[in-house]
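Everything below belongs to model.txt, which stores compact mmCIF, C-alpha atoms and all ligand atoms.
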# COMPACT_ATOMS: atom_id res chain seq x y z
CA MET A 28 11.06 74.04 69.69
CA ILE A 29 9.41 75.33 66.55
CA GLY A 30 8.85 72.67 63.90
CA LYS A 31 9.51 69.65 66.14
CA HIS A 32 5.91 68.71 65.44
CA LEU A 33 5.51 69.06 61.69
CA ILE A 34 2.36 68.42 59.70
CA GLU A 35 3.28 68.27 56.04
CA LEU A 36 0.46 68.55 53.53
CA GLU A 37 0.62 68.17 49.79
CA ARG A 38 -2.33 70.49 49.14
CA VAL A 39 -4.66 72.44 51.39
CA GLU A 40 -6.88 75.48 51.13
CA SER A 41 -4.84 77.47 53.65
CA THR A 42 -2.43 76.39 56.37
CA ASN A 43 -3.82 79.15 58.59
CA ALA A 44 -7.34 77.78 58.21
CA PHE A 45 -6.06 74.23 58.82
CA ALA A 46 -4.25 75.38 61.98
CA ALA A 47 -7.35 77.27 63.17
CA GLU A 48 -9.40 74.10 62.88
CA MET A 49 -6.76 72.14 64.78
CA ILE A 50 -6.72 74.48 67.77
CA GLN A 51 -10.49 74.46 67.89
CA THR A 52 -10.70 70.73 68.17
CA LYS A 53 -7.70 69.72 70.28
CA GLN A 54 -4.69 70.73 72.33
CA VAL A 55 -1.88 71.52 69.94
CA ALA A 56 1.75 71.45 71.05
CA GLN A 57 3.64 74.73 71.20
CA GLY A 58 5.58 75.33 67.98
CA THR A 59 3.60 72.90 65.81
CA VAL A 60 4.13 73.74 62.14
CA VAL A 61 1.63 73.11 59.35
CA TRP A 62 3.47 73.18 56.04
CA ALA A 63 1.78 72.89 52.65
CA HIS A 64 3.43 72.44 49.27
CA ASP A 65 0.37 73.94 47.62
CA GLN A 66 -2.39 76.20 48.91
CA TYR A 67 -5.44 76.71 46.72
CA GLY A 68 -6.93 79.43 48.92
CA GLY A 69 -3.91 81.04 50.57
CA ARG A 70 -4.82 84.14 52.55
CA GLY A 71 -2.95 87.40 52.76
CA GLN A 72 -3.38 90.61 54.70
CA ASN A 73 -6.43 92.82 54.12
CA ASN A 74 -8.48 89.95 52.71
CA ASN A 75 -6.11 89.55 49.80
CA ARG A 76 -5.14 86.15 48.46
CA TRP A 77 -1.63 84.78 48.84
CA ILE A 78 -0.67 83.26 45.53
CA SER A 79 2.37 81.04 45.41
CA GLU A 80 3.53 78.59 42.73
CA PRO A 81 3.03 75.03 44.07
CA GLY A 82 6.22 73.39 45.34
CA MET A 83 8.39 76.46 44.83
CA ASN A 84 8.04 78.50 48.00
CA LEU A 85 7.45 78.21 51.72
CA THR A 86 3.84 78.46 52.87
CA PHE A 87 3.37 77.41 56.47
CA SER A 88 1.75 78.28 59.78
CA ILE A 89 3.17 78.05 63.28
CA ILE A 90 0.95 77.50 66.31
CA LEU A 91 2.20 79.23 69.44
CA HIS A 92 0.80 79.68 72.92
CA PRO A 93 2.20 83.04 74.04
CA ARG A 94 0.55 82.87 77.45
CA PHE A 95 2.98 85.47 78.78
CA LEU A 96 1.64 88.23 76.50
CA THR A 97 -1.40 90.38 77.22
CA PRO A 98 -3.40 91.42 74.14
CA ASP A 99 -2.19 95.02 74.39
CA ARG A 100 1.40 93.74 73.90
CA GLN A 101 0.56 91.44 70.97
CA PHE A 102 2.52 93.49 68.44
CA LEU A 103 5.69 92.21 70.14
CA LEU A 104 4.95 88.87 68.56
CA ASN A 105 4.86 90.48 65.09
CA LYS A 106 8.25 91.98 65.85
CA ALA A 107 9.81 88.71 67.02
CA ILE A 108 8.50 86.74 64.03
CA SER A 109 9.52 89.38 61.47
CA LEU A 110 13.00 89.49 62.99
CA GLY A 111 13.29 85.71 62.95
CA ILE A 112 12.55 85.63 59.23
CA LEU A 113 14.88 88.54 58.60
CA ASP A 114 17.67 86.77 60.54
CA TYR A 115 17.25 83.82 58.19
CA VAL A 116 17.29 86.00 55.08
CA ARG A 117 20.34 87.95 56.24
CA ARG A 118 22.32 84.80 56.99
CA TYR A 119 21.31 83.25 53.72
CA CYS A 120 21.94 86.34 51.58
CA ILE A 121 25.26 87.45 52.97
CA MET A 122 26.14 89.07 49.65
CA HIS A 123 22.81 90.90 49.54
CA PRO A 124 22.51 92.80 52.79
CA VAL A 125 19.69 95.05 51.60
CA SER A 126 16.91 93.32 53.46
CA CYS A 127 14.54 94.93 55.89
CA ILE A 128 11.10 94.85 57.43
CA LYS A 129 8.45 96.95 55.79
CA TRP A 130 6.10 97.88 58.59
CA PRO A 131 4.18 96.18 59.94
CA ASN A 132 5.61 92.80 58.97
CA ASP A 133 6.55 92.39 55.34
CA ILE A 134 10.00 91.09 54.61
CA TYR A 135 11.73 93.05 51.87
CA LEU A 136 14.80 92.17 49.87
CA ASP A 137 16.30 94.61 47.38
CA ASN A 138 13.24 96.84 47.75
CA ARG A 139 10.78 94.10 46.83
CA LYS A 140 8.51 91.87 48.85
CA LEU A 141 10.05 88.51 49.69
CA GLY A 142 7.59 87.40 52.31
CA GLY A 143 4.56 88.22 54.37
CA ILE A 144 3.03 87.26 57.69
CA LEU A 145 -0.59 86.85 58.68
CA ILE A 146 -1.22 86.49 62.41
CA SER A 147 -4.41 85.75 64.32
CA HIS A 148 -4.85 85.30 68.06
CA ARG A 149 -7.19 83.56 70.41
CA ILE A 150 -7.40 85.34 73.74
CA MET A 151 -8.11 83.73 77.09
CA SER A 152 -8.25 86.71 79.39
CA PRO A 153 -5.87 88.21 80.50
CA PHE A 154 -3.35 86.59 78.10
CA LEU A 155 -3.10 85.42 74.52
CA ASP A 156 -3.95 81.74 74.51
CA SER A 157 -3.01 80.68 70.99
CA SER A 158 -1.61 82.43 67.97
CA ILE A 159 -1.52 81.25 64.40
CA ILE A 160 1.42 82.70 62.53
CA GLY A 161 0.99 82.24 58.79
CA ILE A 162 4.16 82.80 56.80
CA GLY A 163 4.74 82.94 53.07
CA ILE A 164 8.30 83.31 51.77
CA ASN A 165 9.14 83.31 48.08
CA ILE A 166 12.03 80.91 47.65
CA ASN A 167 12.52 79.33 44.22
CA GLN A 168 9.78 80.93 42.11
CA GLU A 169 11.21 82.82 39.16
CA VAL A 170 8.15 84.24 37.44
CA PHE A 171 5.27 85.93 39.25
CA LEU A 172 1.79 86.75 38.03
CA PRO A 173 1.57 90.26 36.67
CA GLY A 174 -0.30 92.50 39.06
CA LEU A 175 1.21 91.09 42.23
CA PRO A 176 2.68 93.97 44.20
CA ASN A 177 6.44 94.01 43.87
CA PRO A 178 7.32 90.34 44.52
CA VAL A 179 10.80 88.83 44.64
CA SER A 180 12.21 85.41 45.54
CA LEU A 181 15.50 84.28 47.05
CA LYS A 182 16.30 82.61 43.74
CA GLN A 183 15.86 85.84 41.80
CA VAL A 184 18.31 87.61 44.08
CA THR A 185 20.92 84.94 44.73
CA GLY A 186 20.62 82.90 41.52
CA ARG A 187 20.61 79.75 43.67
CA ASP A 188 17.94 77.12 44.26
CA THR A 189 17.16 76.46 47.90
CA ASP A 190 16.04 73.19 49.42
CA LEU A 191 12.63 73.96 50.91
CA ARG A 192 12.86 71.50 53.80
CA MET A 193 16.20 72.94 54.83
CA ALA A 194 14.88 76.49 54.48
CA LEU A 195 11.87 75.64 56.63
CA SER A 196 14.06 74.17 59.33
CA ASP A 197 16.45 77.17 59.28
CA VAL A 198 13.73 79.79 59.35
CA CYS A 199 11.87 78.01 62.16
CA SER A 200 15.04 77.84 64.17
CA ARG A 201 15.69 81.60 63.74
CA ILE A 202 12.07 82.34 64.68
CA GLY A 203 12.42 80.05 67.70
CA ASP A 204 15.47 82.01 68.89
CA ARG A 205 13.61 85.31 68.63
CA TYR A 206 10.55 83.87 70.33
CA SER A 207 12.68 82.67 73.27
CA SER A 208 14.23 86.15 73.53
CA LEU A 209 10.76 87.65 73.58
CA GLU A 210 9.70 85.29 76.33
CA LYS A 211 12.74 86.32 78.38
CA GLY A 212 11.91 90.02 77.90
CA ASP A 213 15.02 90.75 75.83
CA GLU A 214 14.94 94.39 74.76
CA ALA A 215 16.88 93.63 71.60
CA ILE A 216 13.53 92.73 70.01
CA GLU A 217 12.53 96.39 70.24
CA THR A 218 15.79 97.90 69.06
CA ASP A 219 16.49 95.33 66.34
CA TYR A 220 12.98 95.69 64.95
CA ARG A 221 13.18 99.46 64.90
CA GLU A 222 16.55 99.46 63.20
CA ALA A 223 15.43 96.88 60.63
CA LEU A 224 12.47 98.98 59.49
CA LEU A 225 12.49 100.22 55.92
CA GLY A 226 13.09 103.97 56.13
CA TYR A 227 14.15 104.03 59.78
CA GLY A 228 15.78 107.31 60.75
CA VAL A 229 15.80 108.87 57.29
CA TRP A 230 13.64 111.57 55.79
CA ARG A 231 11.59 110.22 52.92
CA GLU A 232 8.19 110.51 51.29
CA TYR A 233 4.98 109.06 52.68
CA ARG A 234 1.38 109.18 51.56
CA ALA A 235 -1.60 109.36 53.92
CA GLY A 236 -4.78 109.25 51.83
CA GLU A 237 -4.34 111.95 49.20
CA ILE A 238 -1.63 113.78 51.07
CA ARG A 239 2.06 113.29 50.35
CA PHE A 240 4.52 114.51 52.92
CA GLU A 241 8.08 114.12 54.09
CA GLY A 242 8.66 112.26 57.31
CA ARG A 243 11.27 110.44 59.33
CA LEU A 244 10.34 107.02 60.67
CA GLU A 245 11.11 106.89 64.38
CA GLY A 246 9.69 103.52 65.35
CA VAL A 247 6.48 101.81 66.33
CA ASP A 248 4.48 102.33 69.52
CA ALA A 249 3.19 99.59 71.84
CA LEU A 250 -0.01 99.32 69.79
CA GLY A 251 2.01 98.71 66.65
CA ARG A 252 1.30 102.15 65.17
CA LEU A 253 3.97 103.67 62.95
CA LEU A 254 5.60 106.76 64.47
CA ILE A 255 6.69 109.35 61.96
CA LYS A 256 8.23 112.71 62.65
CA THR A 257 6.84 115.27 60.22
CA ARG A 258 8.20 118.72 59.47
CA ALA A 259 4.81 120.40 59.86
CA LYS A 260 3.12 118.60 62.75
CA GLY A 261 5.87 116.96 64.77
CA SER A 262 5.51 113.25 65.66
CA MET A 263 2.42 111.45 64.40
CA ALA A 264 1.14 107.86 64.87
CA PHE A 265 -0.47 105.94 62.02
CA ASN A 266 -2.46 102.73 61.95
CA HIS A 267 -2.00 100.13 59.24
CA LYS A 268 -3.56 101.29 55.95
CA GLU A 269 -3.52 104.93 57.02
CA ILE A 270 -0.08 105.46 55.62
CA GLU A 271 2.05 104.22 52.79
CA ILE A 272 5.77 104.60 52.31
CA ILE A 273 6.62 105.76 48.78
CA LEU A 274 9.16 103.31 47.42
C1 LIG B 1 0.65 89.04 53.43
O1 LIG B 1 -0.35 89.38 52.81
O2 LIG B 1 1.70 89.65 53.32
C2 LIG B 1 0.59 87.86 54.36
C3 LIG B 1 0.75 86.58 53.61
C4 LIG B 1 0.69 85.35 54.47
C5 LIG B 1 0.66 84.11 53.62
C6 LIG B 1 0.80 82.86 54.41
S1 LIG B 1 1.12 81.46 53.39
C7 LIG B 1 0.88 80.40 54.74
C8 LIG B 1 -0.25 80.95 55.56
N1 LIG B 1 -1.53 80.42 55.11
C9 LIG B 1 -2.28 81.35 54.54
O3 LIG B 1 -3.39 81.17 54.03
N2 LIG B 1 -1.65 82.54 54.59
C10 LIG B 1 -0.38 82.46 55.26
Any chance you could give the structure as structure tokens?
Amino acid sequence: MIGKHLIELERVESTNAFAAEMIQTKQVAQGTVVWAHDQYGGRGQNNNRWISEPGMNLTFSIILHPRFLTPDRQFLLNKAISLGILDYVRRYCIMHPVSCIKWPNDIYLDNRKLGGILISHRIMSPFLDSSIIGIGININQEVFLPGLPNPVSLKQVTGRDTDLRMALSDVCSRIGDRYSSLEKGDEAIETDYREALLGYGVWREYRAGEIRFEGRLEGVDALGRLLIKTRAKGSMAFNHKEIEIIL
């Protein structure tokens, strides 16, 4: 059960770094959550920082032992976690159904970034041994630093304050459900993820380096590459950072 073991910290550099130290020094129970009210060195994707107003948002890491997944199938974990967060957002924002996953695993609400995920794995051949799933979700913050790319919080969209402890428990429970489905080999993870992707099935503009082109997002392959049908070259696969969806 995710969050049954909860380590709650007032202030830490990064919950991901804290979790990484934990798994290096001891056995850590499946589903242990490290939750911080304030991170002074929060990490984001591509070596960016994750900046979050202290006490206003969720910043936490989950430690999992997905010993049923081989490294070549690791992207399935990204899918399950993204869907778990999206399930939470969709239940919470019933009046605001415009939420989706921006590949590979950003959570978007009303076309802006509500949350992000940073995952690292330790491999013990032939399976993943431990994974640290770092999650940041903007909850009650109302003003963001200028220059942050396109942020939004639940509060900005719903007008309501959310109790962080309750939100943590709800989101962990949704993630736990998706993780159990993944473990059981439920194919809904694949179809739900595909259908939740921003731009799925519609022709829209993308940019790869300097080139802008029209494409239709068809899904993601086993390696987690984005599959786009193009008018000129048929289906193409892109790695993270090779392609950008034009919002
Ligand atoms: C992204 O760039 O979209 C990923 C952001 C992940 C941020 C979370 S906050 C909790 C955990 N600890 C970190 O240092 N980063 C992740």
Counting only C-alpha atoms, find residues at most 12 Å from (14.5, 73.3, 55.9) (file frame) and give them as a ChimeraX atom specification.
/A:29-31,33,62,84-85,87,115,166,189-201
Create the file for the chosen residues now, containing C-alpha atoms and written as a tab-separated table (two decimals), keeping the file's coordinate frame.
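And here is the file that came out, part-v2.tsv:
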chain	number	residue	atom	x	y	z
A	29	ILE	CA	9.41	75.33	66.55
A	30	GLY	CA	8.85	72.67	63.90
A	31	LYS	CA	9.51	69.65	66.14
A	33	LEU	CA	5.51	69.06	61.69
A	62	TRP	CA	3.47	73.18	56.04
A	84	ASN	CA	8.04	78.50	48.00
A	85	LEU	CA	7.45	78.21	51.72
A	87	PHE	CA	3.37	77.41	56.47
A	115	TYR	CA	17.25	83.82	58.19
A	166	ILE	CA	12.03	80.91	47.65
A	189	THR	CA	17.16	76.46	47.90
A	190	ASP	CA	16.04	73.19	49.42
A	191	LEU	CA	12.63	73.96	50.91
A	192	ARG	CA	12.86	71.50	53.80
A	193	MET	CA	16.20	72.94	54.83
A	194	ALA	CA	14.88	76.49	54.48
A	195	LEU	CA	11.87	75.64	56.63
A	196	SER	CA	14.06	74.17	59.33
A	197	ASP	CA	16.45	77.17	59.28
A	198	VAL	CA	13.73	79.79	59.35
A	199	CYS	CA	11.87	78.01	62.16
A	200	SER	CA	15.04	77.84	64.17
A	201	ARG	CA	15.69	81.60	63.74
Measuring atom to atom with only C-alpha atoms, identify which of A:Leu96, A:Ile134, A:Met28, A:Ile270 is nearest to Gly236 of chain A.
A:Ile270
Hey, which bits of chain A sit within 9 Å of ligand LIG 1 (chain B), and for each residue what's the closest pair of atoms and how far apart in Å (one decimal), counting all atoms listed in the file, rows by chain and increasing number, as a tab-separated table?
residue	atom	partner	partner_atom	distance
A:Glu40	CA	B:LIG1	O3	7.3
A:Ser41	CA	B:LIG1	O3	4.0
A:Thr42	CA	B:LIG1	N1	4.3
A:Asn43	CA	B:LIG1	N1	4.4
A:Ala44	CA	B:LIG1	O3	6.7
A:Phe45	CA	B:LIG1	N1	8.5
A:Ala46	CA	B:LIG1	N1	8.9
A:Val61	CA	B:LIG1	C7	8.7
A:Trp62	CA	B:LIG1	C7	7.8
A:Ala63	CA	B:LIG1	C7	7.8
A:Gln66	CA	B:LIG1	O3	7.2
A:Tyr67	CA	B:LIG1	O3	8.8
A:Gly68	CA	B:LIG1	O3	6.5
A:Gly69	CA	B:LIG1	O3	3.5
A:Arg70	CA	B:LIG1	O3	3.6
A:Gly71	CA	B:LIG1	O1	3.3
A:Gln72	CA	B:LIG1	O1	3.8
A:Asn73	CA	B:LIG1	O1	7.1
A:Asn74	CA	B:LIG1	O1	8.2
A:Asn75	CA	B:LIG1	O1	6.5
A:Arg76	CA	B:LIG1	O1	7.2
A:Trp77	CA	B:LIG1	C5	5.3
A:Ile78	CA	B:LIG1	C5	8.2
A:Ser79	CA	B:LIG1	S1	8.1
A:Leu85	CA	B:LIG1	S1	7.3
A:Thr86	CA	B:LIG1	C7	4.0
A:Phe87	CA	B:LIG1	C7	4.3
A:Ser88	CA	B:LIG1	C8	5.4
A:Ile89	CA	B:LIG1	C8	8.9
A:Asn132	CA	B:LIG1	O2	7.6
A:Asp133	CA	B:LIG1	O2	5.9
A:Ile134	CA	B:LIG1	O2	8.5
A:Lys140	CA	B:LIG1	O2	8.4
A:Gly142	CA	B:LIG1	O2	6.4
A:Gly143	CA	B:LIG1	O2	3.4
A:Ile144	CA	B:LIG1	C2	4.2
A:Leu145	CA	B:LIG1	C2	4.6
A:Ile146	CA	B:LIG1	C4	8.2
A:Ile159	CA	B:LIG1	C8	8.9
A:Ile160	CA	B:LIG1	C8	7.4
A:Gly161	CA	B:LIG1	C8	3.7
A:Ile162	CA	B:LIG1	C6	4.1
A:Gly163	CA	B:LIG1	S1	3.9
A:Ile164	CA	B:LIG1	S1	7.6
Would you place a box with edges along x, y and z of the file around all atoms of segment 62-72 of chain A listed there, add 6 Å to each of its six sides, and report the centre and edge lengths in Å to one decimal, as lines of an AutoDock Vina configuration file?
center_x = -1.7
center_y = 81.5
center_z = 51.4
size_x = 22.4
size_y = 30.2
size_z = 21.3
Hey, what's within 6 Å of Glu232 of chain A if we count only C-alpha atoms and toss same-chain stuff fewer than 2 positions away? As a list in words, please?
Phe240, Glu241 and Ile273 of chain A
Using C-alpha atoms, can you write the selected residues to a file as an mmCIF file, in the frame of the given file?
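Result file is result.cif:
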data_model
loop_
_atom_site.group_PDB
_atom_site.id
_atom_site.type_symbol
_atom_site.label_atom_id
_atom_site.label_comp_id
_atom_site.auth_asym_id
_atom_site.auth_seq_id
_atom_site.Cartn_x
_atom_site.Cartn_y
_atom_site.Cartn_z
ATOM 1 C CA PHE A 240 4.520 114.510 52.920
ATOM 2 C CA GLU A 241 8.080 114.120 54.090
ATOM 3 C CA ILE A 273 6.620 105.760 48.780
#
Using all atoms listed in the file, determine which residues lie at most 10 Å from Glu169 of chain A, disregarding the query and same-chain residues fewer than 2 positions distant; provide the list as a PDB file with C-alpha atoms, in the coordinates of the input.
ATOM      1  CA  GLU A  80       3.530  78.590  42.730  1.00  0.00           C
ATOM      2  CA  MET A  83       8.390  76.460  44.830  1.00  0.00           C
ATOM      3  CA  ASN A 165       9.140  83.310  48.080  1.00  0.00           C
ATOM      4  CA  ILE A 166      12.030  80.910  47.650  1.00  0.00           C
ATOM      5  CA  ASN A 167      12.520  79.330  44.220  1.00  0.00           C
ATOM      6  CA  PHE A 171       5.270  85.930  39.250  1.00  0.00           C
ATOM      7  CA  VAL A 179      10.800  88.830  44.640  1.00  0.00           C
ATOM      8  CA  SER A 180      12.210  85.410  45.540  1.00  0.00           C
ATOM      9  CA  LEU A 181      15.500  84.280  47.050  1.00  0.00           C
ATOM     10  CA  LYS A 182      16.300  82.610  43.740  1.00  0.00           C
ATOM     11  CA  GLN A 183      15.860  85.840  41.800  1.00  0.00           C
ATOM     12  CA  VAL A 184      18.310  87.610  44.080  1.00  0.00           C
ATOM     13  CA  GLY A 186      20.620  82.900  41.520  1.00  0.00           C
TER      14      GLY A 186
END
Test item: residues at most 7 Å from Arg94 of chain A, only C-alpha atoms, excluding those fewer than 2 positions along its chain, as a ChimeraX atom specification
/A:92,96,154-156
Which distance in Å separates atom CA of Trp130 of chain A and atom CA of His267 of chain A, to one decimal?
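Calculated distance between atom CA of Trp130 of chain A and atom CA of His267 of chain A is 8.4 Å.
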Rounded to one decimal place, report the atom CA of Phe102 of chain A-atom CA of Pro176 of chain A distance in Å.
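The value is 24.2 Å.
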Skip Ser152 of chain A itself and residues of its chain fewer than 5 positions away, then list as an MDAnalysis selection string all residues within 12 Å of it, counting only C-alpha atoms.
chainID A and resid 94:99 157
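Each of A:Leu250, A:Val60, A:Ile128, A:Ile238 was checked against Leu36 of chain A using only C-alpha atoms; the smallest atom-to-atom distance is that of A:Val60.
Note that atom CA of Met151 of chain A and atom CA of Lys53 of chain A are 15.6 Å apart.
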Quick one: everything within 12 Å of Lys129 of chain A, counting all atoms listed in the file, minus sequence neighbours fewer than 2 positions away in the same chain. Send it as JSON, numbers by chain.
{"A": [105, 106, 109, 110, 113, 126, 127, 131, 132, 133, 134, 135, 136, 137, 138, 139, 140, 141, 142, 143, 144, 220, 221, 222, 223, 224, 225, 226, 227, 244, 246, 247, 253, 267, 271, 272, 273, 274]}
Would you save the residues of that selection, restricted to C-alpha atoms, as a compact mmCIF listing (two decimals), in the frame of the given file?
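Saved as out_19.txt:
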# COMPACT_ATOMS: atom_id res chain seq x y z
CA ASN A 105 4.86 90.48 65.09
CA LYS A 106 8.25 91.98 65.85
CA SER A 109 9.52 89.38 61.47
CA LEU A 110 13.00 89.49 62.99
CA LEU A 113 14.88 88.54 58.60
CA SER A 126 16.91 93.32 53.46
CA CYS A 127 14.54 94.93 55.89
CA PRO A 131 4.18 96.18 59.94
CA ASN A 132 5.61 92.80 58.97
CA ASP A 133 6.55 92.39 55.34
CA ILE A 134 10.00 91.09 54.61
CA TYR A 135 11.73 93.05 51.87
CA LEU A 136 14.80 92.17 49.87
CA ASP A 137 16.30 94.61 47.38
CA ASN A 138 13.24 96.84 47.75
CA ARG A 139 10.78 94.10 46.83
CA LYS A 140 8.51 91.87 48.85
CA LEU A 141 10.05 88.51 49.69
CA GLY A 142 7.59 87.40 52.31
CA GLY A 143 4.56 88.22 54.37
CA ILE A 144 3.03 87.26 57.69
CA TYR A 220 12.98 95.69 64.95
CA ARG A 221 13.18 99.46 64.90
CA GLU A 222 16.55 99.46 63.20
CA ALA A 223 15.43 96.88 60.63
CA LEU A 224 12.47 98.98 59.49
CA LEU A 225 12.49 100.22 55.92
CA GLY A 226 13.09 103.97 56.13
CA TYR A 227 14.15 104.03 59.78
CA LEU A 244 10.34 107.02 60.67
CA GLY A 246 9.69 103.52 65.35
CA VAL A 247 6.48 101.81 66.33
CA LEU A 253 3.97 103.67 62.95
CA HIS A 267 -2.00 100.13 59.24
CA GLU A 271 2.05 104.22 52.79
CA ILE A 272 5.77 104.60 52.31
CA ILE A 273 6.62 105.76 48.78
CA LEU A 274 9.16 103.31 47.42
For Trp230 of chain A, which residue out of A:Leu209, A:Ile108, A:Ile255, A:Ala249 is the nearest one, using only C-alpha atoms?
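The answer is A:Ile255, which sits nearest to Trp230 of chain A.
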Is it possible to get the residues within 9 Å of (7.3, 114.2, 62.7) (coordinates as in the file, counting only C-alpha atoms) written as JSON, numbers by chain?
{"A": [241, 242, 243, 244, 245, 254, 255, 256, 257, 258, 259, 260, 261, 262, 263]}
Any chance you can output those residues with C-alpha atoms as a short mmCIF file (atom, residue, chain, number, x, y, z; two decimals), keeping the file's coordinate frame?
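This went into out.cif:
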data_model
loop_
_atom_site.label_atom_id
_atom_site.label_comp_id
_atom_site.auth_asym_id
_atom_site.auth_seq_id
_atom_site.Cartn_x
_atom_site.Cartn_y
_atom_site.Cartn_z
CA GLU A 241 8.08 114.12 54.09
CA GLY A 242 8.66 112.26 57.31
CA ARG A 243 11.27 110.44 59.33
CA LEU A 244 10.34 107.02 60.67
CA GLU A 245 11.11 106.89 64.38
CA LEU A 254 5.60 106.76 64.47
CA ILE A 255 6.69 109.35 61.96
CA LYS A 256 8.23 112.71 62.65
CA THR A 257 6.84 115.27 60.22
CA ARG A 258 8.20 118.72 59.47
CA ALA A 259 4.81 120.40 59.86
CA LYS A 260 3.12 118.60 62.75
CA GLY A 261 5.87 116.96 64.77
CA SER A 262 5.51 113.25 65.66
CA MET A 263 2.42 111.45 64.40
#
